[in-house]
>>> print(open('entry_31.tsv').read())   # TSV, C-alpha atoms
chain	number	residue	atom	x	y	z
A	1	MET	CA	30.37	126.75	102.35
A	2	GLY	CA	28.54	128.41	105.19
A	3	ARG	CA	31.64	128.12	107.35
A	4	LEU	CA	33.81	129.56	104.56
A	5	ASP	CA	31.46	132.49	104.08
A	6	ALA	CA	31.26	133.16	107.82
A	7	ILE	CA	35.03	133.01	108.29
A	8	ALA	CA	35.57	135.40	105.38
A	9	ARG	CA	33.13	137.87	106.90
A	10	GLU	CA	34.71	137.50	110.35
A	11	LEU	CA	38.39	137.66	109.40
A	12	LEU	CA	38.33	139.98	106.41
A	13	PRO	CA	37.31	143.63	106.69
A	14	ASN	CA	36.94	143.58	102.91
A	15	PRO	CA	36.10	140.16	101.37
A	16	THR	CA	37.52	141.26	97.99
A	17	LEU	CA	40.92	140.92	99.65
A	18	VAL	CA	40.55	137.19	98.96
A	19	SER	CA	37.81	137.04	96.31
A	20	ARG	CA	39.97	138.93	93.80
A	21	PRO	CA	42.81	136.35	93.79
A	22	THR	CA	40.25	133.53	94.00
A	23	ILE	CA	38.75	134.74	90.71
A	24	ARG	CA	42.19	134.64	89.11
A	25	ARG	CA	42.85	131.11	90.33
A	26	GLU	CA	39.52	130.03	88.87
A	27	ALA	CA	40.37	131.74	85.59
A	28	VAL	CA	43.68	129.89	85.22
A	29	SER	CA	42.16	126.52	86.14
A	30	THR	CA	38.91	126.70	84.17
A	31	SER	CA	40.91	127.64	81.08
A	32	ALA	CA	43.35	124.77	81.63
A	33	LEU	CA	40.39	122.40	81.88
A	34	GLU	CA	39.56	123.38	78.29
A	35	GLY	CA	43.16	123.01	77.09
A	36	THR	CA	44.22	126.65	77.41
A	37	PHE	CA	47.30	126.83	79.62
A	38	ALA	CA	48.65	130.13	80.95
A	39	PRO	CA	51.07	130.33	83.91
A	40	ALA	CA	49.49	132.16	86.83
A	41	ALA	CA	52.51	134.44	87.32
A	42	GLU	CA	52.35	135.46	83.65
A	43	VAL	CA	48.63	136.25	83.90
A	44	LEU	CA	49.10	138.40	86.99
A	45	SER	CA	52.10	140.19	85.47
A	46	SER	CA	50.15	140.90	82.32
A	47	GLU	CA	47.37	142.54	84.30
A	48	VAL	CA	49.69	145.19	85.72
A	49	ASP	CA	52.03	145.49	82.72
A	50	GLU	CA	50.05	146.63	79.69
A	51	ASP	CA	53.19	146.73	77.54
A	52	ARG	CA	53.90	143.05	78.11
A	53	PRO	CA	53.23	140.91	75.01
A	54	ARG	CA	50.30	138.59	75.66
A	55	SER	CA	49.95	135.05	74.42
A	56	GLN	CA	46.56	133.89	73.20
A	57	ALA	CA	46.23	131.79	76.33
A	58	VAL	CA	46.80	134.81	78.58
A	59	VAL	CA	44.23	136.83	76.60
A	60	GLU	CA	41.63	134.11	77.18
A	61	VAL	CA	42.36	133.89	80.90
A	62	LEU	CA	42.16	137.67	81.27
A	63	ASN	CA	38.87	137.61	79.38
A	64	PHE	CA	37.49	135.10	81.88
A	65	ILE	CA	38.51	137.40	84.74
A	66	ARG	CA	36.64	140.28	83.08
A	67	ALA	CA	33.62	138.07	82.46
A	68	THR	CA	33.55	137.00	86.11
A	69	GLU	CA	33.77	140.57	87.38
A	70	HIS	CA	31.02	141.56	84.94
A	71	GLY	CA	28.82	138.68	86.10
A	72	ILE	CA	29.19	139.57	89.78
A	73	GLU	CA	28.33	143.19	89.05
A	74	ARG	CA	25.32	142.22	86.91
A	75	LEU	CA	23.87	140.00	89.65
A	76	ARG	CA	22.79	143.22	91.36
A	77	ASP	CA	20.04	143.71	88.77
A	78	LEU	CA	19.98	140.58	86.59
A	79	PRO	CA	19.59	136.96	87.76
A	80	VAL	CA	21.41	134.01	86.23
A	81	CYS	CA	19.74	133.65	82.84
A	82	THR	CA	20.38	133.23	79.11
A	83	ARG	CA	20.84	136.97	78.65
A	84	LEU	CA	23.58	137.04	81.30
A	85	ALA	CA	25.21	133.94	79.81
A	86	CYS	CA	25.31	135.66	76.40
A	87	GLU	CA	26.96	138.73	77.91
A	88	LEU	CA	29.58	136.58	79.62
A	89	GLN	CA	30.32	134.59	76.46
A	90	GLU	CA	30.78	137.77	74.43
A	91	ILE	CA	33.41	138.99	76.91
A	92	LEU	CA	35.07	135.57	77.10
A	93	VAL	CA	35.75	135.13	73.38
A	94	ARG	CA	36.43	138.78	72.51
A	95	GLY	CA	39.71	139.10	70.62
A	96	THR	CA	40.21	135.34	70.31
A	97	PRO	CA	40.09	133.06	67.24
A	98	SER	CA	36.61	131.93	68.36
A	99	GLU	CA	35.10	135.40	67.97
A	100	ASP	CA	32.66	135.41	65.04
A	101	TRP	CA	29.19	136.52	64.00
A	102	GLN	CA	27.60	134.30	66.68
A	103	THR	CA	29.63	135.75	69.56
A	104	GLY	CA	27.42	136.79	72.46
A	105	ARG	CA	24.40	135.04	70.94
A	106	VAL	CA	22.74	131.68	71.29
A	107	ARG	CA	24.21	129.61	68.48
A	108	GLU	CA	22.43	129.26	65.15
A	109	THR	CA	24.55	126.36	63.96
A	110	GLN	CA	24.98	122.76	65.13
A	111	VAL	CA	27.86	121.81	67.42
A	112	ILE	CA	29.15	118.40	68.43
A	113	ILE	CA	31.32	117.27	71.34
A	114	GLY	CA	34.00	114.77	70.44
A	115	PRO	CA	37.57	113.65	71.03
A	116	TYR	CA	39.07	116.49	68.96
A	117	LYS	CA	38.01	119.68	67.22
A	118	GLY	CA	36.51	119.03	63.81
A	119	CYS	CA	35.62	115.39	64.47
A	120	SER	CA	32.77	113.80	62.57
A	121	VAL	CA	29.28	113.12	63.91
A	122	ARG	CA	30.11	109.42	64.04
A	123	GLU	CA	33.05	110.15	66.35
A	124	ALA	CA	31.10	112.49	68.63
A	125	HIS	CA	30.72	111.70	72.32
A	126	PHE	CA	27.62	113.84	72.56
A	127	ILE	CA	25.47	115.85	70.16
A	128	PRO	CA	23.68	118.83	71.79
A	129	PRO	CA	20.23	119.87	70.58
A	130	PRO	CA	20.03	121.54	67.18
A	131	ALA	CA	19.88	125.30	66.85
A	132	GLY	CA	16.47	126.88	66.66
A	133	GLN	CA	13.26	126.35	68.61
A	134	HIS	CA	14.41	123.18	70.35
A	135	LEU	CA	17.45	124.93	71.79
A	136	THR	CA	15.64	128.15	72.76
A	137	ASP	CA	12.86	126.13	74.43
A	138	GLY	CA	15.49	124.23	76.38
A	139	LEU	CA	17.11	127.46	77.59
A	140	THR	CA	13.72	128.87	78.60
A	141	ALA	CA	13.03	125.73	80.62
A	142	TRP	CA	16.53	125.97	82.16
A	143	GLU	CA	15.88	129.56	83.27
A	144	ARG	CA	12.48	128.75	84.74
A	145	TRP	CA	13.84	125.76	86.63
A	146	ILE	CA	16.69	127.81	88.15
A	147	HIS	CA	14.29	130.37	89.56
A	148	GLY	CA	11.13	128.30	90.07
A	149	ALA	CA	9.76	127.13	93.39
A	150	THR	CA	11.21	123.79	94.51
A	151	ASP	CA	12.01	121.83	97.66
A	152	LEU	CA	15.44	120.85	96.32
A	153	HIS	CA	18.45	122.15	98.20
A	154	PRO	CA	20.19	125.01	96.33
A	155	VAL	CA	23.39	122.97	95.98
A	156	ILE	CA	21.47	120.26	94.13
A	157	ARG	CA	19.93	122.92	91.90
A	158	VAL	CA	23.41	124.25	91.08
A	159	ALA	CA	24.60	120.76	90.14
A	160	LEU	CA	21.61	120.00	87.94
A	161	SER	CA	21.63	123.46	86.37
A	162	HIS	CA	25.27	123.02	85.39
A	163	TYR	CA	24.55	119.67	83.77
A	164	GLN	CA	21.59	121.09	81.84
A	165	PHE	CA	23.55	124.09	80.59
A	166	GLU	CA	26.37	121.86	79.34
A	167	ALA	CA	23.88	119.50	77.69
A	168	LEU	CA	22.23	122.40	75.86
A	169	HIS	CA	25.64	123.79	74.84
A	170	PRO	CA	24.12	127.10	73.74
A	171	PHE	CA	27.28	128.68	72.29
A	172	THR	CA	29.76	127.82	69.57
A	173	ASP	CA	32.60	128.15	72.10
A	174	GLY	CA	33.15	128.73	75.82
A	175	ASN	CA	30.29	126.58	77.12
A	176	GLY	CA	32.36	124.79	79.77
A	177	ARG	CA	33.93	127.96	81.15
A	178	ILE	CA	30.64	129.87	81.11
A	179	GLY	CA	28.81	126.93	82.70
A	180	ARG	CA	31.27	126.72	85.59
A	181	LEU	CA	31.13	130.50	86.06
A	182	LEU	CA	27.33	130.40	86.16
A	183	ALA	CA	27.53	127.76	88.90
A	184	ILE	CA	29.56	130.15	91.07
A	185	LEU	CA	27.15	132.99	90.30
A	186	GLN	CA	24.24	130.76	91.31
A	187	LEU	CA	25.86	130.12	94.67
A	188	ILE	CA	25.96	133.88	95.18
A	189	GLU	CA	22.43	134.40	93.88
A	190	TYR	CA	21.13	131.68	96.21
A	191	ARG	CA	22.97	133.44	99.09
A	192	LEU	CA	25.15	130.45	99.86
A	193	LEU	CA	28.16	132.73	99.40
A	194	GLY	CA	28.48	136.50	99.66
A	195	GLU	CA	31.52	136.64	97.36
A	196	PRO	CA	33.14	134.24	94.86
A	197	LEU	CA	35.31	132.63	97.54
A	198	ILE	CA	35.26	129.10	96.16
A	199	ASN	CA	37.06	127.53	93.20
A	200	LEU	CA	35.26	124.69	91.45
A	201	SER	CA	37.52	124.31	88.43
A	202	PRO	CA	40.71	123.22	90.27
A	203	TYR	CA	38.75	120.29	91.73
A	204	PHE	CA	37.37	119.39	88.31
A	205	GLU	CA	40.73	119.94	86.62
A	206	VAL	CA	42.50	117.17	88.55
A	207	ARG	CA	39.48	114.93	87.93
A	208	ALA	CA	38.84	116.02	84.36
A	209	ASP	CA	38.06	112.53	83.02
A	210	GLN	CA	35.62	111.84	85.86
A	211	TYR	CA	34.00	115.26	85.44
A	212	ARG	CA	33.33	114.72	81.73
A	213	HIS	CA	32.36	111.07	82.18
A	214	LEU	CA	29.74	111.88	84.81
A	215	LEU	CA	28.27	114.64	82.67
A	216	ARG	CA	27.96	112.23	79.74
A	217	GLU	CA	26.51	109.51	81.95
A	218	VAL	CA	23.61	111.73	83.00
A	219	SER	CA	22.66	112.09	79.33
A	220	ALA	CA	23.32	108.46	78.49
A	221	THR	CA	21.85	106.66	81.49
A	222	GLY	CA	20.19	109.26	83.73
A	223	SER	CA	22.80	108.85	86.47
A	224	PHE	CA	21.84	112.06	88.25
A	225	ASP	CA	22.76	110.84	91.74
A	226	ASP	CA	26.41	110.20	90.86
A	227	TRP	CA	26.72	113.62	89.23
A	228	VAL	CA	25.06	115.46	92.11
A	229	GLN	CA	27.23	113.65	94.65
A	230	PHE	CA	30.35	114.58	92.66
A	231	VAL	CA	29.42	118.28	92.64
A	232	CYS	CA	28.53	118.24	96.34
A	233	GLU	CA	31.87	116.64	97.16
A	234	ALA	CA	33.60	119.26	95.01
A	235	LEU	CA	31.91	122.13	96.81
A	236	ALA	CA	32.62	120.69	100.25
A	237	ALA	CA	36.28	119.99	99.46
A	238	GLN	CA	36.83	123.39	97.86
A	239	ALA	CA	35.17	125.19	100.76
A	240	ILE	CA	37.61	123.51	103.15
A	241	ASP	CA	40.46	124.30	100.77
A	242	GLY	CA	39.32	127.92	100.51
A	243	GLU	CA	39.26	128.32	104.28
A	244	ALA	CA	42.79	126.91	104.56
A	245	ARG	CA	44.08	129.32	101.91
A	246	ILE	CA	42.44	132.30	103.62
A	247	ARG	CA	44.05	131.39	106.93
A	248	ASP	CA	47.45	130.81	105.29
A	249	LEU	CA	47.28	134.11	103.40
A	250	LEU	CA	46.34	136.06	106.50
A	251	GLY	CA	49.06	134.28	108.46
A	252	TRP	CA	51.64	135.22	105.84
A	253	ARG	CA	50.46	138.84	105.76
A	254	ASP	CA	50.47	139.25	109.53
A	255	GLY	CA	53.90	137.63	109.79
A	256	LYS	CA	55.40	139.89	107.15
A	257	LEU	CA	53.87	143.01	108.68
A	258	ALA	CA	55.35	142.05	112.04
A	259	LEU	CA	58.75	141.50	110.40
A	260	LEU	CA	58.62	144.86	108.63
A	261	LYS	CA	57.73	146.69	111.82
A	262	LYS	CA	60.62	144.96	113.58
A	263	GLU	CA	62.86	146.26	110.80
A	264	ARG	CA	61.40	149.75	111.40
A	265	VAL	CA	59.74	149.84	107.99
A	266	LYS	CA	56.94	152.40	107.81
A	267	GLY	CA	54.53	154.08	105.44
A	268	VAL	CA	53.95	152.91	101.90
A	269	ALA	CA	55.89	149.66	102.23
A	270	LEU	CA	53.59	148.52	105.03
A	271	ASP	CA	50.49	149.53	103.08
A	272	VAL	CA	51.69	147.65	99.98
A	273	THR	CA	52.41	144.51	102.00
A	274	ALA	CA	48.97	144.60	103.60
A	275	LYS	CA	47.41	144.51	100.10
A	276	LEU	CA	49.66	141.89	98.52
A	277	ILE	CA	47.08	139.17	99.15
A	278	GLU	CA	44.71	141.04	96.86
A	279	HIS	CA	47.37	142.36	94.47
A	280	PRO	CA	50.36	139.99	94.48
A	281	SER	CA	51.77	141.61	91.32
A	282	VAL	CA	52.70	145.29	91.40
A	283	THR	CA	54.61	147.95	89.52
A	284	VAL	CA	56.10	151.15	90.87
A	285	LYS	CA	53.57	153.12	88.86
A	286	ALA	CA	50.66	151.09	90.25
A	287	VAL	CA	51.92	151.53	93.82
A	288	ALA	CA	52.26	155.29	93.32
A	289	GLU	CA	48.72	155.57	91.94
A	290	ALA	CA	47.09	153.26	94.51
A	291	HIS	CA	48.73	154.90	97.51
A	292	HIS	CA	48.79	158.49	96.22
A	293	VAL	CA	52.54	158.98	96.52
A	294	THR	CA	55.29	160.05	94.16
A	295	ASN	CA	57.07	157.55	91.91
A	296	GLN	CA	60.20	158.12	93.98
A	297	ALA	CA	58.42	157.18	97.21
A	298	ALA	CA	56.81	154.16	95.55
A	299	ASN	CA	60.16	153.05	94.12
A	300	SER	CA	61.82	153.31	97.53
A	301	ALA	CA	59.05	151.26	99.16
A	302	VAL	CA	59.23	148.53	96.52
A	303	ALA	CA	63.04	148.42	96.71
A	304	ARG	CA	62.86	147.97	100.49
A	305	LEU	CA	60.37	145.10	100.10
A	306	VAL	CA	62.67	143.44	97.56
A	307	GLN	CA	65.58	143.84	99.97
A	308	LEU	CA	63.59	142.13	102.74
A	309	GLY	CA	62.45	139.28	100.50
A	310	VAL	CA	58.77	140.23	100.39
A	311	LEU	CA	58.82	141.00	96.67
A	312	GLU	CA	60.96	139.88	93.76
A	313	GLU	CA	61.37	141.40	90.29
A	314	VAL	CA	60.21	139.02	87.55
A	315	THR	CA	60.85	140.71	84.19
A	316	GLY	CA	64.64	141.13	84.29
A	317	ARG	CA	64.18	144.58	82.79
A	318	SER	CA	65.63	147.86	84.02
A	319	TYR	CA	62.39	149.70	83.16
A	320	ASN	CA	58.65	148.93	83.42
A	321	ARG	CA	59.54	146.29	85.97
A	322	VAL	CA	56.99	143.98	87.58
A	323	PHE	CA	57.31	142.73	91.15
A	324	GLN	CA	55.55	139.75	92.69
A	325	ALA	CA	55.15	138.22	96.13
A	326	PRO	CA	56.22	134.60	95.46
A	327	ALA	CA	54.95	133.32	98.81
A	328	VAL	CA	51.47	134.66	98.08
A	329	LEU	CA	51.46	133.03	94.64
A	330	ASP	CA	52.56	129.74	96.19
A	331	ILE	CA	49.59	129.80	98.57
A	332	LEU	CA	47.09	130.95	95.96
A	333	PHE	CA	48.07	128.49	93.25
A	334	ARG	CA	49.30	125.44	95.14
A	335	PRO	CA	47.70	122.35	93.61
A	336	THR	CA	44.36	121.02	94.74
A	337	ARG	CA	44.83	117.56	96.16
A	338	ALA	CA	43.27	114.67	94.25
A	339	THR	CA	41.56	112.06	96.42
>>> encode(input="entry_31.tsv", output="structure tokens")
Amino acid sequence: MGRLDAIARELLPNPTLVSRPTIRREAVSTSALEGTFAPAAEVLSSEVDEDRPRSQAVVEVLNFIRATEHGIERLRDLPVCTRLACELQEILVRGTPSEDWQTGRVRETQVIIGPYKGCSVREAHFIPPPAGQHLTDGLTAWERWIHGATDLHPVIRVALSHYQFEALHPFTDGNGRIGRLLAILQLIEYRLLGEPLINLSPYFEVRADQYRHLLREVSATGSFDDWVQFVCEALAAQAIDGEARIRDLLGWRDGKLALLKKERVKGVALDVTAKLIEHPSVTVKAVAEAHHVTNQAANSAVARLVQLGVLEEVTGRSYNRVFQAPAVLDILFRPTRAT
């Protein structure tokens, strides 16, 4: 992780160039881990095309993106804590079927974790603590442990904090997604990363059974070592993966810029290409606003990039069109290898 953070600082004048798409990859994967599947291209198109009809899955993924951006901003004046978790959960479930009177609050009803929604207590894999004093005391202890003095390495603290949050299961919905987001925020708070440059969920997604089994085993048998080792391996593997993606994205960008200059392309088209890593989905209107040019100039730049194979139109419409850089999406969302 230290190498990933250092490389990002060295190679990127603005780390958000990569952290922004990294957040979106995490959003797609963490949602899929909970059974909510939204194609990455559809999510990115929906962000820039407000008129595009949104499926419930896309709404939930976009909510996670907003929650992540809110969490990063809040870290400036609020540490990882129950209050922050409540804020994130309120954003996550807003406008979804899970939104109810307990949204954004520590639950006041019992929840159970089982093989399917609505299963009986007898079928449950795990029963979190009951609502009330037991749960609030557990969250207070979780907060104190996160920020208390200890000789444990911060990575171990992140692993154990994630387990404890999932065991407490403080919300009626969104606990897994919020727990994984809090782990990333802890890495930033502990200064292991300067930006959210690492994706945990893709690693967990391809090992979903192992991820859930190890969490349950800590509660059932106290197998902390196996769980901590799993999280450490995840962080190491994803840091290496993150570095490779950064280098591939920068290589693609530099190659395309060189090609465009060879083709005597100038102005807005070059500026758009330089930002496609951060914004791989664009509209003519968005280009005009971001680069302070007329719609005609933006349209000409986008058309030239389509002609040269940098962008492609994805809606099939003759109006309110959305353009994407397929090569960038391929790099960003290529599968994480299972080992």
>>> closest_residue(input="entry_31.tsv", among="A:Leu329, A:Ala258, A:Leu235, A:Ile65", to="His279 (chain A)", atoms="all atoms listed in the file")
A:Leu329
>>> closest_residue(input="entry_31.tsv", among="A:Ile7, A:Leu181, A:Val155, A:Val59", to="Val80 (chain A)", atoms="all atoms listed in the file")
A:Leu181
>>> atom_distance(input="entry_31.tsv", atom1="CA of Phe204 (chain A)", atom2="CA of Leu33 (chain A)")
7.7 Å
>>> residues_around(input="entry_31.tsv", residues="His213 (chain A)", least_positions_apart="4", cutoff="12 Å", atoms="only C-alpha atoms", output="list in words")
His125, Phe126, Tyr163, Phe204, Arg207, Ala208, Asp209, Glu217, Val218, Ser219, Ala220, Thr221, Ser223, Asp226, Trp227 and Phe230 of chain A
>>> closest_residue(input="entry_31.tsv", among="A:Ala290, A:Leu260, A:Val322, A:Ile156", to="Gly309 (chain A)", atoms="all atoms listed in the file")
A:Leu260
>>> residues_around(input="entry_31.tsv", residues="Glu47 (chain A)", least_positions_apart="5", cutoff="10 Å", atoms="only C-alpha atoms", output="number ranges by chain")
A: 42, 52, 54, 58, 62, 281-282
>>> write_last_selection(input="entry_31.tsv", atoms="C-alpha atoms", output="PDB file, in the coordinates of the input")
ATOM      1  CA  GLU A  42      52.350 135.460  83.650  1.00  0.00           C
ATOM      2  CA  ARG A  52      53.900 143.050  78.110  1.00  0.00           C
ATOM      3  CA  ARG A  54      50.300 138.590  75.660  1.00  0.00           C
ATOM      4  CA  VAL A  58      46.800 134.810  78.580  1.00  0.00           C
ATOM      5  CA  LEU A  62      42.160 137.670  81.270  1.00  0.00           C
ATOM      6  CA  SER A 281      51.770 141.610  91.320  1.00  0.00           C
ATOM      7  CA  VAL A 282      52.700 145.290  91.400  1.00  0.00           C
TER       8      VAL A 282
END
>>> atom_distance(input="entry_31.tsv", atom1="CA of Val158 (chain A)", atom2="CA of Ala183 (chain A)")
5.8 Å
>>> closest_atom_pairs(input="entry_31.tsv", of="region 120-217 of chain A", to="region 81-87 of chain A", cutoff="12 Å", atoms="all atoms listed in the file", output="tab-separated table")
residue	atom	partner	partner_atom	distance
A:Leu135	CA	A:Thr82	CA	11.4
A:Thr136	CA	A:Thr82	CA	9.4
A:Asp137	CA	A:Thr82	CA	11.4
A:Gly138	CA	A:Thr82	CA	10.6
A:Leu139	CA	A:Thr82	CA	6.8
A:Thr140	CA	A:Thr82	CA	8.0
A:Ala141	CA	A:Thr82	CA	10.6
A:Trp142	CA	A:Cys81	CA	8.4
A:Glu143	CA	A:Cys81	CA	5.6
A:Arg144	CA	A:Cys81	CA	9.0
A:Trp145	CA	A:Cys81	CA	10.6
A:Ile146	CA	A:Cys81	CA	8.5
A:His147	CA	A:Cys81	CA	9.3
A:Ser161	CA	A:Cys81	CA	10.9
A:Phe165	CA	A:Thr82	CA	9.8
A:Leu168	CA	A:Thr82	CA	11.5
A:His169	CA	A:Ala85	CA	11.3
A:Pro170	CA	A:Thr82	CA	9.0
A:Phe171	CA	A:Cys86	CA	8.3
A:Thr172	CA	A:Cys86	CA	11.3
A:Asp173	CA	A:Cys86	CA	11.3
A:Gly174	CA	A:Ala85	CA	10.3
A:Asn175	CA	A:Ala85	CA	9.3
A:Gly176	CA	A:Ala85	CA	11.6
A:Arg177	CA	A:Ala85	CA	10.7
A:Ile178	CA	A:Ala85	CA	6.9
A:Gly179	CA	A:Ala85	CA	8.4
A:Arg180	CA	A:Ala85	CA	11.1
A:Leu181	CA	A:Ala85	CA	9.3
A:Leu182	CA	A:Ala85	CA	7.6
A:Ala183	CA	A:Ala85	CA	11.2
A:Leu185	CA	A:Leu84	CA	10.5
A:Gln186	CA	A:Cys81	CA	10.0
A:Glu189	CA	A:Cys81	CA	11.4
>>> atom_distance(input="entry_31.tsv", atom1="CA of Gln133 (chain A)", atom2="CA of Glu108 (chain A)")
10.2 Å
>>> residues_around(input="entry_31.tsv", residues="Arg94 (chain A)", least_positions_apart="2", cutoff="10 Å", atoms="all atoms listed in the file", output="ChimeraX atom specification")
/A:59-60,63,89-92,96-100,103-104
>>> closest_residue(input="entry_31.tsv", among="A:Ser300, A:Gln238, A:Ser19, A:Thr273", to="Trp252 (chain A)", atoms="only C-alpha atoms")
A:Thr273
>>> closest_residue(input="entry_31.tsv", among="A:Val106, A:Leu12, A:Ala6, A:Ala303", to="Ala274 (chain A)", atoms="all atoms listed in the file")
A:Leu12
>>> closest_residue(input="entry_31.tsv", among="A:Leu78, A:Ala32, A:Thr68, A:Thr336", to="Ala239 (chain A)", atoms="all atoms listed in the file")
A:Thr336
>>> residues_around(input="entry_31.tsv", residues="Pro280 (chain A)", least_positions_apart="6", cutoff="10 Å", atoms="all atoms listed in the file", output="PyMOL selection string")
chain A and resi 21+41+44-45+272-273+311+323-329+332
>>> axis_aligned_box(input="entry_31.tsv", around="region 29-32 of chain A", padding_each_side="8 Å", output="JSON")
{"center_x": 41.1, "center_y": 126.2, "center_z": 83.6, "size_x": 20.4, "size_y": 18.9, "size_z": 21.1}
>>> residues_around(input="entry_31.tsv", residues="Ala237 (chain A)", least_positions_apart="2", cutoff="12 Å", atoms="only C-alpha atoms", output="PyMOL selection string")
chain A and resi 1+4+198-204+230-235+239-244+336-339
>>> decode(input="entry_31.tsv", residues="region 158-174 of chain A", atoms="N, CA, C and O atoms", output="mmCIF file, in the first residue's frame")
data_model
loop_
_atom_site.group_PDB
_atom_site.id
_atom_site.type_symbol
_atom_site.label_atom_id
_atom_site.label_comp_id
_atom_site.auth_asym_id
_atom_site.auth_seq_id
_atom_site.Cartn_x
_atom_site.Cartn_y
_atom_site.Cartn_z
ATOM 1 N N VAL A 158 -7.688 -2.508 11.042
ATOM 2 C CA VAL A 158 -8.715 -2.410 10.005
ATOM 3 C C VAL A 158 -9.443 -3.740 9.869
ATOM 4 O O VAL A 158 -10.676 -3.790 9.802
ATOM 5 N N ALA A 159 -8.688 -4.830 9.847
ATOM 6 C CA ALA A 159 -9.295 -6.159 9.695
ATOM 7 C C ALA A 159 -10.227 -6.476 10.862
ATOM 8 O O ALA A 159 -11.364 -6.934 10.670
ATOM 9 N N LEU A 160 -9.761 -6.240 12.074
ATOM 10 C CA LEU A 160 -10.570 -6.563 13.246
ATOM 11 C C LEU A 160 -11.757 -5.610 13.391
ATOM 12 O O LEU A 160 -12.836 -6.020 13.826
ATOM 13 N N SER A 161 -11.566 -4.366 13.016
ATOM 14 C CA SER A 161 -12.669 -3.399 13.073
ATOM 15 C C SER A 161 -13.778 -3.790 12.097
ATOM 16 O O SER A 161 -14.970 -3.654 12.410
ATOM 17 N N HIS A 162 -13.381 -4.270 10.924
ATOM 18 C CA HIS A 162 -14.384 -4.682 9.940
ATOM 19 C C HIS A 162 -15.178 -5.874 10.459
ATOM 20 O O HIS A 162 -16.414 -5.911 10.353
ATOM 21 N N TYR A 163 -14.475 -6.843 11.031
ATOM 22 C CA TYR A 163 -15.194 -7.987 11.608
ATOM 23 C C TYR A 163 -16.184 -7.521 12.666
ATOM 24 O O TYR A 163 -17.363 -7.912 12.676
ATOM 25 N N GLN A 164 -15.733 -6.658 13.587
ATOM 26 C CA GLN A 164 -16.585 -6.254 14.696
ATOM 27 C C GLN A 164 -17.815 -5.494 14.215
ATOM 28 O O GLN A 164 -18.920 -5.686 14.738
ATOM 29 N N PHE A 165 -17.617 -4.634 13.210
ATOM 30 C CA PHE A 165 -18.755 -3.890 12.670
ATOM 31 C C PHE A 165 -19.782 -4.850 12.067
ATOM 32 O O PHE A 165 -20.995 -4.703 12.289
ATOM 33 N N GLU A 166 -19.294 -5.833 11.299
ATOM 34 C CA GLU A 166 -20.234 -6.782 10.683
ATOM 35 C C GLU A 166 -20.920 -7.643 11.736
ATOM 36 O O GLU A 166 -22.090 -8.008 11.595
ATOM 37 N N ALA A 167 -20.211 -7.973 12.807
ATOM 38 C CA ALA A 167 -20.820 -8.771 13.875
ATOM 39 C C ALA A 167 -21.906 -7.984 14.605
ATOM 40 O O ALA A 167 -22.945 -8.534 14.979
ATOM 41 N N LEU A 168 -21.678 -6.693 14.796
ATOM 42 C CA LEU A 168 -22.678 -5.846 15.452
ATOM 43 C C LEU A 168 -23.879 -5.613 14.542
ATOM 44 O O LEU A 168 -25.013 -5.505 15.014
ATOM 45 N N HIS A 169 -23.616 -5.488 13.219
ATOM 46 C CA HIS A 169 -24.694 -5.314 12.245
ATOM 47 C C HIS A 169 -25.661 -4.211 12.696
ATOM 48 O O HIS A 169 -26.838 -4.474 12.954
ATOM 49 N N PRO A 170 -25.172 -2.968 12.779
ATOM 50 C CA PRO A 170 -25.956 -1.920 13.433
ATOM 51 C C PRO A 170 -27.136 -1.381 12.646
ATOM 52 O O PRO A 170 -27.964 -0.643 13.208
ATOM 53 N N PHE A 171 -27.278 -1.750 11.371
ATOM 54 C CA PHE A 171 -28.364 -1.207 10.558
ATOM 55 C C PHE A 171 -29.286 -2.309 10.051
ATOM 56 O O PHE A 171 -28.920 -3.487 10.043
ATOM 57 N N THR A 172 -30.458 -1.905 9.616
ATOM 58 C CA THR A 172 -31.396 -2.881 9.058
ATOM 59 C C THR A 172 -30.992 -3.293 7.652
ATOM 60 O O THR A 172 -31.415 -4.346 7.168
ATOM 61 N N ASP A 173 -30.182 -2.471 6.974
ATOM 62 C CA ASP A 173 -29.708 -2.819 5.635
ATOM 63 C C ASP A 173 -28.420 -2.041 5.351
ATOM 64 O O ASP A 173 -28.192 -0.969 5.906
ATOM 65 N N GLY A 174 -27.583 -2.606 4.475
ATOM 66 C CA GLY A 174 -26.375 -1.912 4.041
ATOM 67 C C GLY A 174 -25.157 -2.149 4.902
ATOM 68 O O GLY A 174 -24.120 -1.513 4.683
#
